[in-house]
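So this one's upload-v3.txt, compact mmCIF, C-alpha atoms:
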# COMPACT_ATOMS: atom_id res chain seq x y z
CA MET A 189 129.50 100.48 95.58
CA SER A 190 129.46 104.25 95.22
CA VAL A 191 129.35 106.13 98.53
CA THR A 192 128.92 109.88 98.80
CA THR A 193 129.08 111.89 102.00
CA LEU A 194 126.83 114.94 102.09
CA HIS A 195 126.42 117.68 104.67
CA HIS A 196 122.90 118.25 105.96
CA HIS A 197 121.94 121.48 107.69
CA HIS A 198 118.38 120.79 108.89
CA ALA A 199 118.20 120.81 112.69
CA ARG A 200 115.85 117.86 112.99
CA SER A 201 116.02 114.09 113.27
CA ALA A 202 112.48 112.91 112.74
CA LEU A 203 113.27 109.25 113.39
CA ARG A 204 115.70 109.15 116.27
CA SER A 205 114.41 112.09 118.30
CA PRO A 206 111.25 113.57 116.79
CA GLY A 207 110.99 117.25 117.55
CA ARG A 208 114.37 117.52 119.27
CA ALA A 209 117.22 119.65 117.97
CA THR A 210 120.31 117.95 116.60
CA ALA A 211 123.74 119.19 115.71
CA PRO A 212 123.58 121.94 113.11
CA ALA A 213 125.37 119.83 110.49
CA SER A 214 125.25 116.05 110.16
CA ARG A 215 126.95 113.85 107.60
CA VAL A 216 124.65 111.93 105.27
CA GLN A 217 125.82 108.59 103.93
CA LEU A 218 124.48 108.35 100.39
CA VAL A 219 125.03 105.02 98.63
CA ALA A 220 123.97 104.57 95.01
CA PRO A 221 121.47 101.70 94.78
CA ASP A 222 122.83 98.42 93.44
CA LEU A 223 119.85 97.08 91.49
CA ARG A 224 121.12 93.64 90.55
CA ILE A 225 121.60 90.08 91.68
CA VAL A 226 125.11 90.06 93.17
CA ASP A 227 126.99 86.76 92.99
CA SER A 228 129.70 87.40 95.59
CA PRO A 229 129.86 84.62 98.21
CA VAL A 230 128.55 86.72 101.09
CA ALA A 231 125.70 88.19 99.02
CA SER A 232 124.80 84.73 97.69
CA VAL A 233 124.58 83.26 101.18
CA LEU A 234 122.43 86.13 102.45
CA ARG A 235 120.16 85.81 99.42
CA VAL A 236 119.63 82.08 99.87
CA ALA A 237 118.84 82.72 103.53
CA CYS A 238 116.24 85.32 102.52
CA VAL A 239 114.61 83.07 99.93
CA GLU A 240 114.90 79.61 101.47
CA GLY A 241 115.79 80.01 105.14
CA PRO A 242 115.92 78.33 107.55
CA ILE A 243 118.45 76.36 105.53
CA SER A 244 121.37 74.07 106.33
CA ARG A 245 124.88 74.86 105.23
CA ASP A 246 124.89 71.76 103.01
CA SER A 247 121.73 72.94 101.23
CA ALA A 248 123.07 76.49 100.94
CA ALA A 249 126.24 75.14 99.31
CA ARG A 250 124.24 73.14 96.77
CA THR A 251 121.95 76.08 95.98
CA THR A 252 124.70 78.69 95.61
CA GLY A 253 127.35 76.44 94.06
CA LEU A 254 129.82 77.44 96.79
CA SER A 255 131.97 75.04 98.76
CA ILE A 256 130.97 74.09 102.30
CA ALA A 257 134.07 75.87 103.62
CA THR A 258 133.13 79.09 101.80
CA VAL A 259 129.55 78.90 103.04
CA ASN A 260 130.78 78.39 106.60
CA ARG A 261 133.01 81.48 106.37
CA GLN A 262 130.20 83.66 105.03
CA VAL A 263 127.70 82.39 107.58
CA SER A 264 130.17 83.16 110.38
CA ALA A 265 130.72 86.69 109.04
CA LEU A 266 127.00 87.34 108.69
CA LEU A 267 126.32 85.94 112.16
CA GLY A 268 128.99 88.29 113.46
CA VAL A 269 127.23 91.43 112.18
CA GLY A 270 123.80 90.19 113.22
CA LEU A 271 122.29 89.60 109.76
CA LEU A 272 121.87 85.86 110.30
CA ARG A 273 120.82 83.75 113.25
CA GLU A 274 121.11 80.03 113.90
CA ARG A 275 118.12 77.80 114.56
CA ALA A 276 119.39 75.07 116.85
CA ASP A 277 115.77 74.09 117.52
CA LEU A 278 115.51 72.91 113.91
CA THR A 279 118.65 70.75 113.93
CA ALA A 280 117.91 67.29 112.55
CA SER A 281 117.79 64.55 115.12
CA GLY A 282 121.18 62.85 115.48
CA ALA A 283 123.08 65.63 113.68
CA VAL A 284 126.41 66.49 115.27
CA GLY A 285 128.41 69.74 115.08
CA ARG A 286 127.55 73.39 114.52
CA PRO A 287 127.64 73.21 110.68
CA ARG A 288 124.49 71.04 110.96
CA VAL A 289 122.56 73.86 112.61
CA PRO A 290 120.24 75.63 110.10
CA PHE A 291 120.48 79.39 109.71
CA GLU A 292 118.10 82.12 108.56
CA VAL A 293 117.92 85.89 108.22
CA ASN A 294 117.85 87.60 111.60
CA HIS A 295 114.85 89.67 110.55
CA GLU A 296 113.19 90.49 113.88
CA PRO A 297 115.62 93.11 115.32
CA PHE A 298 115.91 95.23 112.17
CA SER A 299 113.89 97.17 109.62
CA THR A 300 114.35 99.43 106.64
CA ILE A 301 112.27 102.42 105.52
CA GLY A 302 111.07 102.78 101.95
CA ILE A 303 109.56 105.95 100.48
CA HIS A 304 107.92 106.17 97.06
CA ILE A 305 107.32 109.80 96.10
CA GLY A 306 104.68 109.88 93.40
CA ALA A 307 103.22 112.76 91.44
CA VAL A 308 100.04 112.63 93.53
CA VAL A 309 100.57 110.17 96.39
CA THR A 310 103.61 109.33 98.52
CA GLY A 311 103.86 105.88 100.06
CA ILE A 312 105.91 105.01 103.14
CA THR A 313 106.79 101.43 104.04
CA VAL A 314 108.60 99.68 106.86
CA SER A 315 110.04 96.29 105.90
CA ASP A 316 112.10 93.50 107.41
CA LEU A 317 115.35 92.22 105.94
CA ARG A 318 113.57 89.55 103.88
CA GLY A 319 111.72 92.26 101.97
CA ARG A 320 108.42 91.58 103.71
CA ILE A 321 106.45 94.75 104.29
CA LEU A 322 105.53 95.20 107.95
CA GLY A 323 103.36 98.25 107.37
CA ALA A 324 102.56 100.87 104.77
CA VAL A 325 100.80 104.21 104.66
CA GLU A 326 99.99 106.72 101.93
CA ILE A 327 99.93 110.51 102.21
CA PRO A 328 99.25 113.17 99.59
CA THR A 329 102.53 114.27 98.05
CA PRO A 330 103.16 117.68 99.64
CA GLY A 331 103.12 120.74 97.43
CA GLY A 332 105.35 123.78 97.58
CA SER A 333 109.11 123.90 97.22
CA SER A 334 111.11 120.67 97.08
CA ASP A 335 112.78 121.47 100.40
CA ALA A 336 109.46 122.01 102.16
CA ALA A 337 107.87 118.93 100.58
CA LEU A 338 110.83 116.68 101.41
CA THR A 339 110.94 117.95 104.98
CA SER A 340 107.25 117.10 105.34
CA VAL A 341 107.77 113.62 103.88
CA THR A 342 110.70 113.05 106.25
CA ARG A 343 108.58 114.00 109.23
CA SER A 344 105.81 111.61 108.17
CA ALA A 345 108.29 108.78 107.51
CA GLY A 346 109.92 109.23 110.90
CA ALA A 347 106.59 109.20 112.71
CA PHE A 348 105.41 106.10 110.86
CA ALA A 349 108.66 104.16 111.32
CA GLY A 350 108.59 105.03 115.01
CA ARG A 351 105.70 102.61 115.46
CA TRP A 352 108.23 99.77 115.20
CA HIS A 353 110.28 101.11 118.07
CA ARG A 354 111.62 97.67 119.00
CA ARG A 355 113.37 97.37 115.64
CA THR A 356 116.55 99.15 114.64
CA PRO A 357 116.19 100.88 111.25
CA LEU A 358 119.25 100.28 109.08
CA TRP A 359 118.60 102.15 105.85
CA VAL A 360 116.17 104.38 103.97
CA GLY A 361 115.44 103.97 100.27
CA VAL A 362 113.62 106.50 98.10
CA ALA A 363 112.05 105.68 94.73
CA ILE A 364 110.85 108.65 92.71
CA GLY A 365 110.00 109.66 89.15
CA GLY A 366 111.67 112.41 87.19
CA ARG A 367 115.40 112.53 86.47
CA VAL A 368 117.32 111.04 89.37
CA ASP A 369 121.03 111.55 90.02
CA THR A 370 121.86 108.53 92.19
CA THR A 371 125.40 109.74 92.94
CA ASN A 372 124.37 112.98 94.66
CA GLY A 373 120.81 112.08 95.63
CA THR A 374 119.07 114.90 93.78
CA VAL A 375 116.00 114.85 91.54
CA ASP A 376 114.57 117.02 88.78
CA HIS A 377 110.82 116.35 88.72
CA PRO A 378 108.87 118.55 86.29
CA ARG A 379 105.47 117.26 87.44
CA LEU A 380 106.24 118.37 91.00
CA GLY A 381 108.06 121.51 89.90
CA TRP A 382 111.29 120.31 91.51
CA GLU A 383 114.71 121.23 90.20
CA ASN A 384 117.72 119.73 91.94
CA GLY A 385 115.53 118.50 94.80
CA ARG A 386 117.81 117.45 97.67
CA VAL A 387 116.23 114.09 98.39
CA ALA A 388 119.24 112.44 100.02
CA GLY A 389 120.33 115.48 101.98
CA ILE A 390 116.94 116.19 103.51
CA ILE A 391 115.52 112.69 104.00
CA GLY A 392 118.80 110.95 104.86
CA GLY A 393 119.84 113.76 107.16
CA GLY A 394 116.41 114.04 108.75
CA LEU A 395 116.13 110.34 109.51
CA GLY A 396 119.79 109.94 110.44
CA LEU A 397 120.22 106.85 108.27
CA PRO A 398 122.26 105.81 105.23
CA ILE A 399 120.16 106.47 102.14
CA SER A 400 119.83 105.31 98.53
CA VAL A 401 117.77 107.10 95.87
CA SER A 402 116.53 105.52 92.64
CA GLY A 403 114.26 106.17 89.70
CA HIS A 404 110.99 104.48 90.55
CA VAL A 405 110.54 102.36 87.41
CA GLU A 406 114.11 101.03 87.71
CA ALA A 407 113.30 100.15 91.32
CA MET A 408 110.14 98.33 90.24
CA ALA A 409 112.17 96.30 87.77
CA ALA A 410 114.63 95.51 90.58
CA SER A 411 111.83 94.30 92.83
CA GLU A 412 111.03 91.66 90.20
CA LEU A 413 114.64 90.45 90.50
CA LEU A 414 115.16 90.67 94.25
CA LEU A 415 111.78 90.62 95.99
CA ALA A 416 109.45 88.62 93.74
CA PRO A 417 107.52 85.88 95.55
CA ARG A 418 109.52 82.72 95.96
CA LEU A 419 110.26 81.47 92.49
CA SER A 420 110.84 77.99 91.20
CA ASP A 421 114.45 77.16 90.40
CA THR A 422 113.69 77.55 86.69
CA ALA A 423 112.00 80.94 87.08
CA ALA A 424 114.77 82.18 89.35
CA ALA A 425 117.41 81.14 86.83
CA GLN A 426 115.53 82.86 84.01
CA SER A 427 115.23 86.11 85.96
CA ALA A 428 119.01 86.24 86.36
CA THR A 429 119.72 85.77 82.66
CA GLY A 430 118.58 87.32 79.41
CA THR A 431 116.65 90.58 79.15
CA SER A 432 113.40 91.87 80.61
CA LEU A 433 111.39 94.96 79.71
CA TYR A 434 109.46 96.47 82.63
CA PHE A 435 106.66 98.83 81.57
CA TYR A 436 104.88 101.00 84.14
CA ALA A 437 101.75 103.14 83.87
CA ARG A 438 99.72 104.98 86.46
CA GLU A 439 99.96 108.74 86.89
CA THR A 440 103.20 108.63 84.93
CA ALA A 441 104.54 106.12 82.40
CA GLY A 442 108.02 104.67 82.21
CA MET A 443 110.11 101.66 81.29
CA ALA A 444 113.28 99.94 82.46
CA LEU A 445 115.47 97.20 81.04
CA THR A 446 117.00 94.34 83.00
CA ILE A 447 120.01 92.64 81.43
CA ASP A 448 121.42 89.42 82.90
CA GLY A 449 120.22 90.11 86.43
CA ARG A 450 121.05 93.82 86.48
CA VAL A 451 118.71 96.76 85.98
CA HIS A 452 120.12 99.12 83.34
CA THR A 453 120.66 102.48 85.04
CA PRO A 454 122.16 105.08 82.67
CA ALA A 455 124.72 107.37 84.27
CA SER A 456 122.79 110.44 83.09
CA GLY A 457 119.52 109.18 84.56
CA PRO A 458 116.61 107.23 83.12
CA GLY A 459 115.19 107.96 79.72
CA SER A 460 111.59 109.03 79.17
CA ILE A 461 108.68 107.58 77.23
CA ALA A 462 106.24 110.22 78.44
CA HIS A 463 105.99 111.83 75.01
CA LEU A 464 105.86 108.77 72.80
CA PRO A 465 103.15 109.39 70.15
CA THR A 466 100.02 107.28 70.54
CA GLY A 467 97.68 108.69 67.91
CA SER A 468 95.17 109.90 70.47
CA SER A 469 93.76 113.45 70.47
CA ALA A 470 94.77 114.19 74.08
CA LEU A 471 96.55 117.53 74.47
CA CYS A 472 99.87 117.32 76.31
CA GLY A 473 101.49 120.05 78.37
CA CYS A 474 104.32 120.10 75.81
CA GLY A 475 101.86 121.46 73.24
CA ASN A 476 101.56 118.30 71.15
CA ARG A 477 98.65 115.90 70.98
CA GLY A 478 98.73 112.19 71.63
CA CYS A 479 101.72 111.96 73.97
CA LEU A 480 101.69 108.79 76.04
CA GLU A 481 101.29 110.22 79.53
CA ALA A 482 98.68 112.73 78.35
CA SER A 483 96.72 109.81 76.91
CA VAL A 484 96.92 107.11 79.61
CA SER A 485 97.69 108.74 82.98
CA ASP A 486 95.15 108.66 85.79
CA ARG A 487 94.80 112.42 85.50
CA ALA A 488 94.07 112.10 81.77
CA MET A 489 91.44 109.43 82.43
CA VAL A 490 89.69 111.61 85.00
CA ALA A 491 89.71 114.64 82.67
CA ALA A 492 88.30 112.54 79.83
CA ALA A 493 85.62 111.09 82.12
CA VAL A 494 84.50 114.58 83.07
CA ASP A 495 84.57 115.69 79.43
CA ARG A 496 82.39 112.72 78.42
CA LYS A 497 79.94 113.35 81.28
CA ILE A 498 80.86 110.06 82.96
CA LEU A 499 81.79 112.01 86.11
CA GLN A 500 80.69 115.38 87.41
CA PRO A 501 83.43 117.98 87.88
CA GLN A 502 82.36 118.45 91.50
CA PRO A 503 83.09 117.08 94.02
CA ARG A 504 86.66 116.52 92.94
CA PRO A 505 86.59 113.39 90.74
CA SER A 506 89.14 110.60 91.03
CA ILE A 507 90.38 107.66 89.01
CA ALA A 508 88.71 105.37 91.55
CA ALA A 509 85.38 106.87 90.51
CA VAL A 510 86.13 106.02 86.87
CA TYR A 511 86.83 102.40 87.79
CA GLN A 512 83.72 102.28 89.95
CA ALA A 513 81.57 103.64 87.13
CA ALA A 514 82.87 100.98 84.73
CA GLN A 515 82.34 98.19 87.23
CA SER A 516 78.81 99.47 87.93
CA GLY A 517 77.80 99.13 84.29
CA SER A 518 78.65 102.47 82.68
CA GLU A 519 79.38 101.63 79.04
CA ALA A 520 81.01 105.03 78.51
CA ALA A 521 83.42 104.44 81.39
CA ARG A 522 84.19 100.96 80.12
CA GLU A 523 84.92 102.29 76.63
CA LEU A 524 87.24 104.93 78.06
CA LEU A 525 89.26 102.33 79.96
CA VAL A 526 89.33 100.01 76.95
CA GLU A 527 90.74 102.86 74.86
CA ARG A 528 93.51 103.28 77.40
CA ALA A 529 94.17 99.52 77.46
CA ARG A 530 94.55 99.48 73.68
CA ILE A 531 96.94 102.43 73.71
CA LEU A 532 99.00 100.67 76.37
CA GLY A 533 99.04 97.43 74.39
CA ARG A 534 100.21 99.21 71.23
CA THR A 535 102.91 101.10 73.11
CA VAL A 536 104.23 97.97 74.81
CA ALA A 537 104.31 96.25 71.40
CA LEU A 538 106.34 99.14 69.97
CA LEU A 539 108.87 98.99 72.79
CA ARG A 540 108.99 95.20 72.71
CA ASP A 541 109.76 95.21 68.99
CA MET A 542 112.38 97.91 69.53
CA PHE A 543 114.32 96.07 72.27
CA ASN A 544 113.24 92.45 71.62
CA PRO A 545 113.55 91.37 75.28
CA ASP A 546 113.12 87.79 76.46
CA ARG A 547 110.36 88.84 78.86
CA VAL A 548 107.91 91.72 79.32
CA VAL A 549 106.49 92.67 82.73
CA LEU A 550 103.60 95.11 83.08
CA GLY A 551 103.26 97.06 86.31
CA GLY A 552 101.20 99.90 87.72
CA GLN A 553 97.57 100.49 88.55
CA ALA A 554 96.71 101.17 84.90
CA PHE A 555 97.05 97.40 84.51
CA THR A 556 96.30 95.98 87.95
CA THR A 557 93.32 97.99 89.24
CA TYR A 558 91.05 97.25 86.29
CA PRO A 559 91.65 93.58 85.34
CA ALA A 560 88.89 93.72 82.72
CA GLY A 561 91.23 95.85 80.60
CA ILE A 562 94.02 93.25 80.45
CA PRO A 563 92.51 91.21 77.57
CA HIS A 564 92.37 94.42 75.51
CA VAL A 565 96.02 95.15 76.33
CA GLY A 566 96.88 91.65 75.16
CA GLU A 567 94.87 91.93 71.95
CA ALA A 568 96.44 95.28 71.03
CA PHE A 569 99.90 93.96 71.87
CA ALA A 570 99.43 90.87 69.69
CA ALA A 571 98.00 92.90 66.80
CA ASN A 572 100.87 95.40 66.79
CA SER A 573 103.97 93.37 67.65
CA THR A 574 105.70 91.89 64.62
CA LEU A 575 107.92 89.48 66.57
CA ALA A 576 107.20 85.92 67.68
CA ARG A 577 105.26 85.70 70.94
CA ARG A 578 107.39 85.73 74.09
CA ASP A 579 106.69 85.78 77.81
CA ILE A 580 104.51 88.76 78.80
CA ARG A 581 102.85 89.01 82.18
CA VAL A 582 101.43 91.41 84.75
CA THR A 583 103.54 91.89 87.88
CA GLY A 584 102.78 89.64 90.82
CA PHE A 585 102.93 92.64 93.17
CA GLY A 586 99.55 93.92 92.00
CA ASP A 587 98.63 97.35 93.33
CA ARG A 588 101.64 97.36 95.68
CA VAL A 589 104.36 97.88 93.06
CA GLN A 590 105.25 101.31 94.47
CA GLU A 591 105.67 99.87 97.97
CA TYR A 592 108.00 97.12 96.81
CA ALA A 593 109.94 99.56 94.63
CA ALA A 594 110.71 101.67 97.70
CA THR A 595 111.48 98.56 99.73
CA VAL A 596 114.00 97.18 97.25
CA VAL A 597 115.88 100.49 97.20
CA SER A 598 116.10 100.38 101.00
CA LEU A 599 117.52 96.84 100.83
CA SER A 600 119.67 96.94 97.69
CA SER A 601 122.90 97.91 99.41
CA LEU A 602 122.37 95.42 102.24
CA TYR A 603 121.80 92.68 99.68
CA SER A 604 124.76 93.57 97.46
CA ASP A 605 127.40 94.29 100.14
CA PRO A 606 125.94 93.22 103.48
CA LEU A 607 129.04 93.51 105.66
CA ALA A 608 130.00 97.02 104.50
CA SER A 609 126.37 98.13 104.71
CA MET A 610 126.08 96.98 108.31
CA ARG A 611 129.21 98.96 109.15
CA ARG A 612 127.66 102.07 107.58
CA ALA A 613 124.38 101.51 109.37
CA ALA A 614 126.19 101.14 112.67
CA ALA A 615 127.98 104.43 112.06

This entry written out as structure tokens:
Amino acid sequence: MSVTTLHHHHARSALRSPGRATAPASRVQLVAPDLRIVDSPVASVLRVACVEGPISRDSAARTTGLSIATVNRQVSALLGVGLLRERADLTASGAVGRPRVPFEVNHEPFSTIGIHIGAVVTGITVSDLRGRILGAVEIPTPGGSSDAALTSVTRSAGAFAGRWHRRTPLWVGVAIGGRVDTTNGTVDHPRLGWENGRVAGIIGGGLGLPISVSGHVEAMAASELLLAPRLSDTAAAQSATGTSLYFYARETAGMALTIDGRVHTPASGPGSIAHLPTGSSALCGCGNRGCLEASVSDRAMVAAAVDRKILQPQPRPSIAAVYQAAQSGSEAARELLVERARILGRTVALLRDMFNPDRVVLGGQAFTTYPAGIPHVGEAFAANSTLARRDIRVTGFGDRVQEYAATVVSLSSLYSDPLASMRRAAA
């Protein structure tokens, strides 16, 4: 696990003491996110507790493939740092000895903070250690310089997390678009006008917590691995093997690959599909026509709806108004959204044929907010993919993919190296 120590010079700790001055320089513990299923004994035991707890040691041994002795050692270590708790009240009648006492994640005393910084909206979540979201709020993504915007986001996150004052926050995770450097916690985000935005330094330092920063589509792919609703044994085994292509579309578009239970995270940052040609006539900011984001983004849909007289330019139109118009019977609005669905289907087919993954997962409000468009995505995909049909589905997280992306970044280090992460959180 990569750990970087940064120096933070903002005199504020929005979480621990909102509004009170702190030392002029505090050390920020930045840990690169570990977006994978880790098979070490301690991580395996914590994972089975998250997914199946309360669970007996015998059952945990069968599920993980570890010996009873190994499970006992890991349970003892995790009990020692407070990540597990025993449930003596659930011990089977007649059972003798402590190993017969079921255990589960000790989720009530702790929380993590997740922040998804989008091009238009920023979401803040507070979650427990099982990955269950306790609360979420959205704010407009602040404008201005990256430092000013990140300081504002930090203040909002601290105020929101403070509502769970009985829980101890252990970590903060940030998922964001653009080009993310996970080793120094900085982001270049052209849509926001950020260059070398100091995400880890400002948010980690402001909240006084260890921090991990990830590209948001990679984080969404990781949520399918680590936070998906409880899977059958077969589905869980499939998710840990083979390859998956995660395709995202909302205000931005992106993709990520998962290979044998690990999200592929290039050292130089994620690639971009924003300018893939689609054949549409939409003008992109790069000067070309038909680029993917310029053709399918929420902003592009709103602009096209105004141009086609579906919406009036005033008051300020929104993508929600486009959906509402289509659902209220506007044929022009429906045709616009069908056009987008077909572009998305063709693009997914192109990428699927390029990488030939075992599975394809579609995420983002471009898919989930207008279900009537999904059949058109499927038709365009089938018509344009030249390979035999494989598993393709829409994410089970629905419209909350951004929330779970932020949550999985806040939990990734705890899941991959729980004992070391608890030591860092305690520091």

Query raised in the report: In Å, how far is it from CA of Ser411 (chain A) to CA of Val596 (chain A)?
Result: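 If I compute the distance from CA of Ser411 (chain A) to CA of Val596 (chain A), I get 5.7 Å.
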
Query raised in the report: Which residue gives the smallest distance to Gly241 (chain A) among A:Arg275, A:Arg355, A:Arg496, A:His463, with all atoms listed in the file counted?
Result: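 The shortest atom-to-atom distance to Gly241 (chain A) comes from A:Arg275.
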
Query raised in the report: Which of these residues is nearest to Pro297 (chain A), using all atoms listed in the file: A:Ala337, A:Ala614, A:Leu358, A:Val536?
Result: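 Going through A:Ala337, A:Ala614, A:Leu358, A:Val536 one by one, the smallest distance to Pro297 (chain A) is for A:Leu358.
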
Requested in this report: Tell me which protein, DNA and RNA residues are within 12 Å of Glu519 (chain A), counting only C-alpha atoms, leaving out same-chain ones fewer than 6 positions away, and put them as a ChimeraX atom specification.
Outcome: /A:493,496-498,510-513,525-526

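Among the candidates A:Asp546, A:Asp587, A:Asp448, A:Asp495, the residue lying nearest to Asp227 (chain A) is A:Asp448 (atoms considered: all atoms listed in the file).
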
Requested in this report: Fewer than 4 positions away in the same chain doesn't count, so skip those; otherwise give me all residues within 7 Å of Tyr436 (chain A), counting only C-alpha atoms, as JSON, numbers by chain.
Outcome: {"A": [405, 441, 442, 443, 550, 551, 552]}

Could you turn the residues from that selection into a file that holds C-alpha atoms, as a PDB file, keeping the file's coordinate frame?
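Written out: out_3.pdb:
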ATOM      1  CA  VAL A 405     110.540 102.360  87.410  1.00  0.00           C
ATOM      2  CA  ALA A 441     104.540 106.120  82.400  1.00  0.00           C
ATOM      3  CA  GLY A 442     108.020 104.670  82.210  1.00  0.00           C
ATOM      4  CA  MET A 443     110.110 101.660  81.290  1.00  0.00           C
ATOM      5  CA  LEU A 550     103.600  95.110  83.080  1.00  0.00           C
ATOM      6  CA  GLY A 551     103.260  97.060  86.310  1.00  0.00           C
ATOM      7  CA  GLY A 552     101.200  99.900  87.720  1.00  0.00           C
TER       8      GLY A 552
END

**Report entry** Selection near region 568-575 of chain A, 10 Å with only C-alpha atoms, sequence-local residues under 2 positions removed, as a PyMOL selection string
**Finding:** chain A and resi 529-542+544+562-566+577-578+580

Query raised in the report: If you count only C-alpha atoms, which residues fall within 10 Å of region 319-323 of chain A, apart from same-chain ones fewer than 2 positions away, as a PyMOL selection string?
Result: chain A and resi 238-239+295+299-302+312-317+325+348-349+351-352+411+414-417+591-592+595-596+598-599

Requested in this report: Could you please determine the separation between CA of Asp369 (chain A) and CA of Ile391 (chain A) in Å, to one decimal place?
Outcome: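 Going from CA of Asp369 (chain A) over to CA of Ile391 (chain A), I get 15.1 Å.
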
**Report entry** Atomic distance CA of Arg581 (chain A) - CA of Val548 (chain A), expressed in Å with one decimal
**Finding:**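 Interatomic distance here is 6.4 Å.
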
Requested in this report: Could you tell me which of A:Arg343, A:Arg547, A:His304, A:Arg215 comes closest to Thr429 (chain A) if we count only C-alpha atoms?
Outcome: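 Looking only at the distances to Thr429 (chain A), the closest residue turns out to be A:Arg547.
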
Missing atoms of region 375-393 of chain A rebuilt to N, CA and C atoms, written as a short mmCIF file (atom, residue, chain, number, x, y, z; two decimals), keeping the file's coordinate frame:
data_model
loop_
_atom_site.label_atom_id
_atom_site.label_comp_id
_atom_site.auth_asym_id
_atom_site.auth_seq_id
_atom_site.Cartn_x
_atom_site.Cartn_y
_atom_site.Cartn_z
N VAL A 375 117.03 115.20 92.51
CA VAL A 375 116.00 114.85 91.54
C VAL A 375 115.47 116.10 90.86
N ASP A 376 115.34 116.04 89.53
CA ASP A 376 114.57 117.02 88.78
C ASP A 376 113.24 116.37 88.44
N HIS A 377 112.14 116.97 88.90
CA HIS A 377 110.82 116.35 88.72
C HIS A 377 109.86 117.40 88.20
N PRO A 378 109.71 117.50 86.86
CA PRO A 378 108.87 118.55 86.29
C PRO A 378 107.43 118.53 86.80
N ARG A 379 106.85 117.33 86.98
CA ARG A 379 105.47 117.26 87.44
C ARG A 379 105.29 117.90 88.81
N LEU A 380 106.30 117.78 89.66
CA LEU A 380 106.24 118.37 91.00
C LEU A 380 106.83 119.77 91.04
N GLY A 381 107.43 120.20 89.92
CA GLY A 381 108.06 121.51 89.90
C GLY A 381 109.38 121.54 90.64
N TRP A 382 110.03 120.38 90.79
CA TRP A 382 111.29 120.31 91.51
C TRP A 382 112.46 120.41 90.54
N GLU A 383 113.45 121.18 90.92
CA GLU A 383 114.71 121.23 90.20
C GLU A 383 115.83 121.07 91.21
N ASN A 384 116.63 120.03 91.02
CA ASN A 384 117.72 119.73 91.94
C ASN A 384 117.20 119.52 93.37
N GLY A 385 116.09 118.80 93.48
CA GLY A 385 115.53 118.50 94.80
C GLY A 385 116.48 117.66 95.62
N ARG A 386 116.78 118.08 96.84
CA ARG A 386 117.81 117.45 97.67
C ARG A 386 117.23 116.29 98.48
N VAL A 387 116.89 115.23 97.76
CA VAL A 387 116.23 114.09 98.39
C VAL A 387 117.12 113.45 99.45
N ALA A 388 118.35 113.12 99.07
CA ALA A 388 119.24 112.44 100.02
C ALA A 388 119.59 113.33 101.20
N GLY A 389 119.91 114.58 100.91
CA GLY A 389 120.33 115.48 101.98
C GLY A 389 119.25 115.69 103.02
N ILE A 390 118.01 115.89 102.58
CA ILE A 390 116.94 116.19 103.51
C ILE A 390 116.39 114.93 104.18
N ILE A 391 116.10 113.89 103.40
CA ILE A 391 115.52 112.69 104.00
C ILE A 391 116.58 111.90 104.77
N GLY A 392 117.75 111.68 104.15
CA GLY A 392 118.80 110.95 104.86
C GLY A 392 119.25 111.68 106.11
N GLY A 393 119.42 113.00 105.99
CA GLY A 393 119.84 113.76 107.16
C GLY A 393 118.76 113.81 108.22
#
